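Enquirer: A single structure is presented below for examination.
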Amino acid sequence: MRTRRGLCYPRADVCVDKIVVKRRDFTGYNMACRKRQRFSPVIAGNSDLFDALPDDLVISILSKLSSSASCPSDFINVLITCKRLNSFALQPLVLSKASSKLLAIKAENWSESAHRFLKCCADAGNVEACYTLGMIRFYCLQNRGSGASLMAKAAISSHAPALYSLAVIQFNGSGGSKNDKDLRAGVALCARAAFLGHIDALRELGHCLQDGYGVRQNITEGRRFLVQANARELAAGLSSASVSNIATCSWLTWSPHPIPHPTNRHPNVPGCPLLSDFGCNVPAPEAHPANKFLTDWFGSRDGIPGPGLRLCSHVGCGRPETRKHEFRRCSVCGAVNYCSRACQALDWKLRHKAECAPVERWLDEEGVGGDGMDEVIGES
């Protein structure tokens, strides 16, 4: 083919009107890839080493992060970093390792997306997510069947708090009528949680044995469980003090009177006597994130879970009644009520011992209704 000037199209290094035309040799070059890819590992001359990391290594790092995160924001900041981290962070292997602190969603931040995240963690086999979401659904969202099912799923995996919570539900017949109480099942679940070292379950089982509640009375054995619960509380207090570098001499002192624990509901008290039987005061144990969620959820509703319903008076519990007169009242003053004997014993040492005053007669503010008058519970 010729041009108008009678010249052929130039080849490499052919001079046309004193202009050197050089033709690039594209032999073996993929013409479809001439445009630089968006996710190319080489951008502006700098190598992106993150894209070169193997997928399994990134997932392993994220699994370690999810198991050691101290709050949900630690994990959320990773999700919003880039698409690759977002996709890997939501892998079932990563979500199954999530710790209870990572799942500690505040009640004020509850949303449909938070609900979906907990559901994804539960579907991935995370027992903490099963328990936390089960408690929220059962007590806050009033989805009794789904909540109990999730807690049972965690209990099957020997999750001690889930076993104890199911025991409390059986003791009270929560979500049903008074006739739905199953004391023997409650004692059996409590014994399983106590075997796993759950402190509240040890205390509850000890009081059940002492009082003959759902099991044959055995005062000596019940006392042994209560002493074991106190010893475990002391060990937990010493462990937390060593981690936080707190001098034990500042709180491990003898006192004939209990020192209450500071909370939003009771702000004027500085500690908790966990070994009051022996006159020893140690810091109160940290409440589980699920109990904190319940406390904040109903606290934002003025502490009223529903018409005629009440919350457990123990500040670290947060469980509400699911029907009128479900919880037992103090047999002396009738001003407080508890979901379990363990909560009653803790709150008695915590604050109620200093507040309880006997009265000649007390009646329910709403009158007799529901399942009838409340059961009463004696102070230890």
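Simple scheme: letters A, B, ... for chains in structure tokens order, numbers from 1 for residues in each chain, numbers from 1 for ligands in the order shown.
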Neighbours of range 172-174 of chain A within 7 Å (only C-alpha atoms; same-chain residues fewer than 4 positions away dropped), as a list in words?
Expert: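 Using only C-alpha atoms, the neighbours found are Val168, Lys178, Asp180, Lys181, Thr322 and Glu326 of chain A.
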Enquirer: Looking at only C-alpha atoms, which of A:Asn291, A:Ser331, A:Asn126, A:Ser66 is the one that sits closest to Gly316 in chain A?
Expert: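 Looking at the shortest contact to Gly316 in chain A, the residue is A:Asn291.
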Enquirer: Taking 3 positions as the minimum chain separation for residues in the same chain, which residues sit within 10 Å of range 77-84 of chain A when counting only C-alpha atoms? Answer as a PDB file with all heavy atoms, in the first residue's frame.
Expert:
```pdb
ATOM      1  N   PHE A  50       0.372  -5.813  50.765  1.00  0.00           N
ATOM      2  CA  PHE A  50      -0.813  -6.423  51.375  1.00  0.00           C
ATOM      3  C   PHE A  50      -1.533  -7.342  50.390  1.00  0.00           C
ATOM      4  O   PHE A  50      -1.982  -8.429  50.745  1.00  0.00           O
ATOM      5  CB  PHE A  50      -1.759  -5.338  51.882  1.00  0.00           C
ATOM      6  CG  PHE A  50      -3.070  -5.877  52.397  1.00  0.00           C
ATOM      7  CD1 PHE A  50      -3.143  -6.593  53.583  1.00  0.00           C
ATOM      8  CD2 PHE A  50      -4.248  -5.696  51.677  1.00  0.00           C
ATOM      9  CE1 PHE A  50      -4.328  -7.099  54.042  1.00  0.00           C
ATOM     10  CE2 PHE A  50      -5.449  -6.196  52.132  1.00  0.00           C
ATOM     11  CZ  PHE A  50      -5.482  -6.901  53.332  1.00  0.00           C
ATOM     12  N   ASP A  51      -1.634  -6.893  49.122  1.00  0.00           N
ATOM     13  CA  ASP A  51      -2.311  -7.716  48.122  1.00  0.00           C
ATOM     14  C   ASP A  51      -1.546  -8.991  47.818  1.00  0.00           C
ATOM     15  O   ASP A  51      -2.114  -9.953  47.290  1.00  0.00           O
ATOM     16  CB  ASP A  51      -2.497  -6.920  46.829  1.00  0.00           C
ATOM     17  CG  ASP A  51      -3.607  -5.889  46.948  1.00  0.00           C
ATOM     18  OD1 ASP A  51      -4.441  -6.041  47.864  1.00  0.00           O
ATOM     19  OD2 ASP A  51      -3.634  -4.938  46.153  1.00  0.00           O
ATOM     20  N   ASP A  55      -4.337 -15.526  51.288  1.00  0.00           N
ATOM     21  CA  ASP A  55      -5.638 -15.371  51.931  1.00  0.00           C
ATOM     22  C   ASP A  55      -5.681 -16.054  53.292  1.00  0.00           C
ATOM     23  O   ASP A  55      -6.228 -15.499  54.256  1.00  0.00           O
ATOM     24  CB  ASP A  55      -6.738 -15.946  51.032  1.00  0.00           C
ATOM     25  CG  ASP A  55      -6.910 -15.127  49.764  1.00  0.00           C
ATOM     26  OD1 ASP A  55      -6.280 -14.050  49.669  1.00  0.00           O
ATOM     27  OD2 ASP A  55      -7.660 -15.568  48.874  1.00  0.00           O
ATOM     28  N   VAL A  58      -4.087 -13.923  56.034  1.00  0.00           N
ATOM     29  CA  VAL A  58      -4.917 -12.784  56.431  1.00  0.00           C
ATOM     30  C   VAL A  58      -6.070 -13.254  57.324  1.00  0.00           C
ATOM     31  O   VAL A  58      -6.379 -12.640  58.347  1.00  0.00           O
ATOM     32  CB  VAL A  58      -5.459 -12.056  55.189  1.00  0.00           C
ATOM     33  CG1 VAL A  58      -6.384 -10.909  55.599  1.00  0.00           C
ATOM     34  CG2 VAL A  58      -4.312 -11.523  54.344  1.00  0.00           C
ATOM     35  N   LEU A  62      -6.910 -12.161  61.224  1.00  0.00           N
ATOM     36  CA  LEU A  62      -8.214 -11.634  61.616  1.00  0.00           C
ATOM     37  C   LEU A  62      -8.860 -12.504  62.693  1.00  0.00           C
ATOM     38  O   LEU A  62      -9.554 -11.987  63.581  1.00  0.00           O
ATOM     39  CB  LEU A  62      -9.124 -11.543  60.388  1.00  0.00           C
ATOM     40  CG  LEU A  62      -8.736 -10.484  59.346  1.00  0.00           C
ATOM     41  CD1 LEU A  62      -9.628 -10.585  58.131  1.00  0.00           C
ATOM     42  CD2 LEU A  62      -8.821  -9.088  59.944  1.00  0.00           C
ATOM     43  N   LEU A  65      -7.351 -11.449  65.877  1.00  0.00           N
ATOM     44  CA  LEU A  65      -7.890 -10.149  66.274  1.00  0.00           C
ATOM     45  C   LEU A  65      -9.279 -10.297  66.877  1.00  0.00           C
ATOM     46  O   LEU A  65      -9.585  -9.693  67.914  1.00  0.00           O
ATOM     47  CB  LEU A  65      -7.936  -9.215  65.063  1.00  0.00           C
ATOM     48  CG  LEU A  65      -8.638  -7.868  65.283  1.00  0.00           C
ATOM     49  CD1 LEU A  65      -7.897  -7.043  66.311  1.00  0.00           C
ATOM     50  CD2 LEU A  65      -8.749  -7.105  63.966  1.00  0.00           C
ATOM     51  N   PRO A  72     -16.066  -3.791  70.428  1.00  0.00           N
ATOM     52  CA  PRO A  72     -16.519  -3.965  69.047  1.00  0.00           C
ATOM     53  C   PRO A  72     -15.837  -3.043  68.039  1.00  0.00           C
ATOM     54  O   PRO A  72     -15.636  -3.421  66.885  1.00  0.00           O
ATOM     55  CB  PRO A  72     -18.028  -3.672  69.130  1.00  0.00           C
ATOM     56  CG  PRO A  72     -18.395  -3.956  70.543  1.00  0.00           C
ATOM     57  CD  PRO A  72     -17.191  -3.564  71.356  1.00  0.00           C
ATOM     58  N   SER A  73     -15.451  -1.843  68.469  1.00  0.00           N
ATOM     59  CA  SER A  73     -14.848  -0.890  67.527  1.00  0.00           C
ATOM     60  C   SER A  73     -13.512  -1.386  66.987  1.00  0.00           C
ATOM     61  O   SER A  73     -13.127  -1.024  65.870  1.00  0.00           O
ATOM     62  CB  SER A  73     -14.669   0.474  68.197  1.00  0.00           C
ATOM     63  OG  SER A  73     -13.815   0.378  69.319  1.00  0.00           O
ATOM     64  N   ASP A  74     -12.791  -2.198  67.766  1.00  0.00           N
ATOM     65  CA  ASP A  74     -11.525  -2.740  67.271  1.00  0.00           C
ATOM     66  C   ASP A  74     -11.737  -3.562  66.002  1.00  0.00           C
ATOM     67  O   ASP A  74     -10.909  -3.529  65.085  1.00  0.00           O
ATOM     68  CB  ASP A  74     -10.867  -3.617  68.339  1.00  0.00           C
ATOM     69  CG  ASP A  74     -10.369  -2.806  69.518  1.00  0.00           C
ATOM     70  OD1 ASP A  74     -10.293  -1.572  69.388  1.00  0.00           O
ATOM     71  OD2 ASP A  74     -10.056  -3.393  70.570  1.00  0.00           O
ATOM     72  N   SER A  87     -14.386  -8.605  53.445  1.00  0.00           N
ATOM     73  CA  SER A  87     -14.867  -9.927  53.036  1.00  0.00           C
ATOM     74  C   SER A  87     -14.258 -11.034  53.886  1.00  0.00           C
ATOM     75  O   SER A  87     -14.937 -11.993  54.256  1.00  0.00           O
ATOM     76  CB  SER A  87     -14.552 -10.162  51.559  1.00  0.00           C
ATOM     77  OG  SER A  87     -13.148 -10.133  51.328  1.00  0.00           O
ATOM     78  N   PHE A  88     -12.974 -10.903  54.233  1.00  0.00           N
ATOM     79  CA  PHE A  88     -12.326 -11.934  55.037  1.00  0.00           C
ATOM     80  C   PHE A  88     -12.776 -11.887  56.494  1.00  0.00           C
ATOM     81  O   PHE A  88     -12.878 -12.917  57.155  1.00  0.00           O
ATOM     82  CB  PHE A  88     -10.803 -11.781  54.963  1.00  0.00           C
ATOM     83  CG  PHE A  88     -10.215 -12.209  53.654  1.00  0.00           C
ATOM     84  CD1 PHE A  88      -8.955 -11.787  53.255  1.00  0.00           C
ATOM     85  CD2 PHE A  88     -10.925 -13.028  52.793  1.00  0.00           C
ATOM     86  CE1 PHE A  88      -8.409 -12.177  52.044  1.00  0.00           C
ATOM     87  CE2 PHE A  88     -10.406 -13.426  51.570  1.00  0.00           C
ATOM     88  CZ  PHE A  88      -9.148 -12.997  51.201  1.00  0.00           C
ATOM     89  N   ALA A  89     -13.036 -10.676  57.023  1.00  0.00           N
ATOM     90  CA  ALA A  89     -13.435 -10.548  58.424  1.00  0.00           C
ATOM     91  C   ALA A  89     -14.800 -11.158  58.696  1.00  0.00           C
ATOM     92  O   ALA A  89     -15.111 -11.496  59.846  1.00  0.00           O
ATOM     93  CB  ALA A  89     -13.435  -9.076  58.839  1.00  0.00           C
ATOM     94  N   LEU A  90     -15.617 -11.304  57.671  1.00  0.00           N
ATOM     95  CA  LEU A  90     -16.948 -11.886  57.840  1.00  0.00           C
ATOM     96  C   LEU A  90     -16.977 -13.373  57.504  1.00  0.00           C
ATOM     97  O   LEU A  90     -18.053 -13.956  57.391  1.00  0.00           O
ATOM     98  CB  LEU A  90     -17.958 -11.131  56.966  1.00  0.00           C
ATOM     99  CG  LEU A  90     -18.155  -9.655  57.322  1.00  0.00           C
ATOM    100  CD1 LEU A  90     -19.139  -8.997  56.371  1.00  0.00           C
ATOM    101  CD2 LEU A  90     -18.631  -9.499  58.768  1.00  0.00           C
TER     102      LEU A  90
END
```
Enquirer: Env of Lys292 in chain A: 12 Å cut, atoms = only C-alpha atoms, seq-sep filter 6 positions within chain, self excluded. Answer as JSON, numbers by chain.
Expert: {"A": [100, 101, 103, 104, 105, 106, 107, 108, 132, 135, 136, 263, 264, 286, 298, 299, 315, 316, 317, 318, 319]}
Enquirer: Export, as a PDB file, in the first residue's frame, the selected residues with C-alpha atoms.
Expert:
```pdb
ATOM      1  CA  SER A 100     -17.416 -11.819  74.475  1.00  0.00           C
ATOM      2  CA  LYS A 101     -15.900  -8.314  74.535  1.00  0.00           C
ATOM      3  CA  LEU A 103     -19.837  -9.040  71.033  1.00  0.00           C
ATOM      4  CA  ALA A 104     -20.474  -6.538  73.851  1.00  0.00           C
ATOM      5  CA  ILE A 105     -22.839  -4.329  71.883  1.00  0.00           C
ATOM      6  CA  LYS A 106     -24.354  -1.502  73.896  1.00  0.00           C
ATOM      7  CA  ALA A 107     -28.109  -1.245  74.163  1.00  0.00           C
ATOM      8  CA  GLU A 108     -28.041   2.348  72.898  1.00  0.00           C
ATOM      9  CA  THR A 132     -25.783 -13.105  74.054  1.00  0.00           C
ATOM     10  CA  MET A 135     -30.631 -13.446  76.127  1.00  0.00           C
ATOM     11  CA  ILE A 136     -31.477 -10.375  74.040  1.00  0.00           C
ATOM     12  CA  THR A 263     -23.388   1.318  90.100  1.00  0.00           C
ATOM     13  CA  ASN A 264     -25.620   3.741  88.275  1.00  0.00           C
ATOM     14  CA  GLU A 286     -17.557  -7.850  86.192  1.00  0.00           C
ATOM     15  CA  PHE A 298     -34.485  -1.652  80.546  1.00  0.00           C
ATOM     16  CA  GLY A 299     -32.691   1.230  82.269  1.00  0.00           C
ATOM     17  CA  VAL A 315     -27.669  -4.598  90.109  1.00  0.00           C
ATOM     18  CA  GLY A 316     -25.524  -7.003  88.092  1.00  0.00           C
ATOM     19  CA  CYS A 317     -28.394  -9.136  86.747  1.00  0.00           C
ATOM     20  CA  GLY A 318     -30.806  -7.133  84.568  1.00  0.00           C
ATOM     21  CA  ARG A 319     -33.337  -9.970  84.093  1.00  0.00           C
TER      22      ARG A 319
END
```
Enquirer: With only C-alpha atoms as the basis for distance, which of A:Leu238, A:Cys190, A:Gly197, A:Arg323 is at the shortest distance from Val215 in chain A?
Expert: A:Cys190
Enquirer: For Gly214 in chain A, list every protein, DNA or RNA residue within 8 Å, evaluated using only C-alpha atoms, and leave out those in the same chain fewer than 6 positions away; present the list as a list in words.
Expert: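 Residues meeting the cut-off are Leu183, Arg184, Gly186, Val187 and Cys208 of chain A.
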Enquirer: Using the selection just defined, write its residues with N, CA, C and O atoms as a PDB file, in the first residue's frame.
Expert:
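What landed in out-v3.pdb:
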```pdb
ATOM      1  N   LEU A 183     -38.432 -27.416  88.871  1.00  0.00           N
ATOM      2  CA  LEU A 183     -37.349 -27.240  89.828  1.00  0.00           C
ATOM      3  C   LEU A 183     -36.255 -28.282  89.635  1.00  0.00           C
ATOM      4  O   LEU A 183     -35.064 -27.975  89.754  1.00  0.00           O
ATOM      5  N   ARG A 184     -36.643 -29.499  89.341  1.00  0.00           N
ATOM      6  CA  ARG A 184     -35.649 -30.552  89.164  1.00  0.00           C
ATOM      7  C   ARG A 184     -34.759 -30.271  87.948  1.00  0.00           C
ATOM      8  O   ARG A 184     -33.544 -30.467  87.993  1.00  0.00           O
ATOM      9  N   GLY A 186     -34.165 -27.322  86.757  1.00  0.00           N
ATOM     10  CA  GLY A 186     -33.332 -26.179  87.135  1.00  0.00           C
ATOM     11  C   GLY A 186     -32.120 -26.594  87.950  1.00  0.00           C
ATOM     12  O   GLY A 186     -31.010 -26.116  87.718  1.00  0.00           O
ATOM     13  N   VAL A 187     -32.325 -27.509  88.899  1.00  0.00           N
ATOM     14  CA  VAL A 187     -31.208 -27.990  89.723  1.00  0.00           C
ATOM     15  C   VAL A 187     -30.201 -28.747  88.861  1.00  0.00           C
ATOM     16  O   VAL A 187     -28.977 -28.596  89.026  1.00  0.00           O
ATOM     17  N   CYS A 208     -29.993 -24.063  97.120  1.00  0.00           N
ATOM     18  CA  CYS A 208     -31.013 -25.083  96.858  1.00  0.00           C
ATOM     19  C   CYS A 208     -30.829 -26.283  97.786  1.00  0.00           C
ATOM     20  O   CYS A 208     -31.809 -26.820  98.324  1.00  0.00           O
TER      21      CYS A 208
END
```
Enquirer: Among range 147-246 of chain A, which residues carry a DSSP assignment of helix (DSSP H, G or I), reported as a ChimeraX atom specification?
Expert: /A:147-156,160-172,178-180,183-195,199-211,219-243
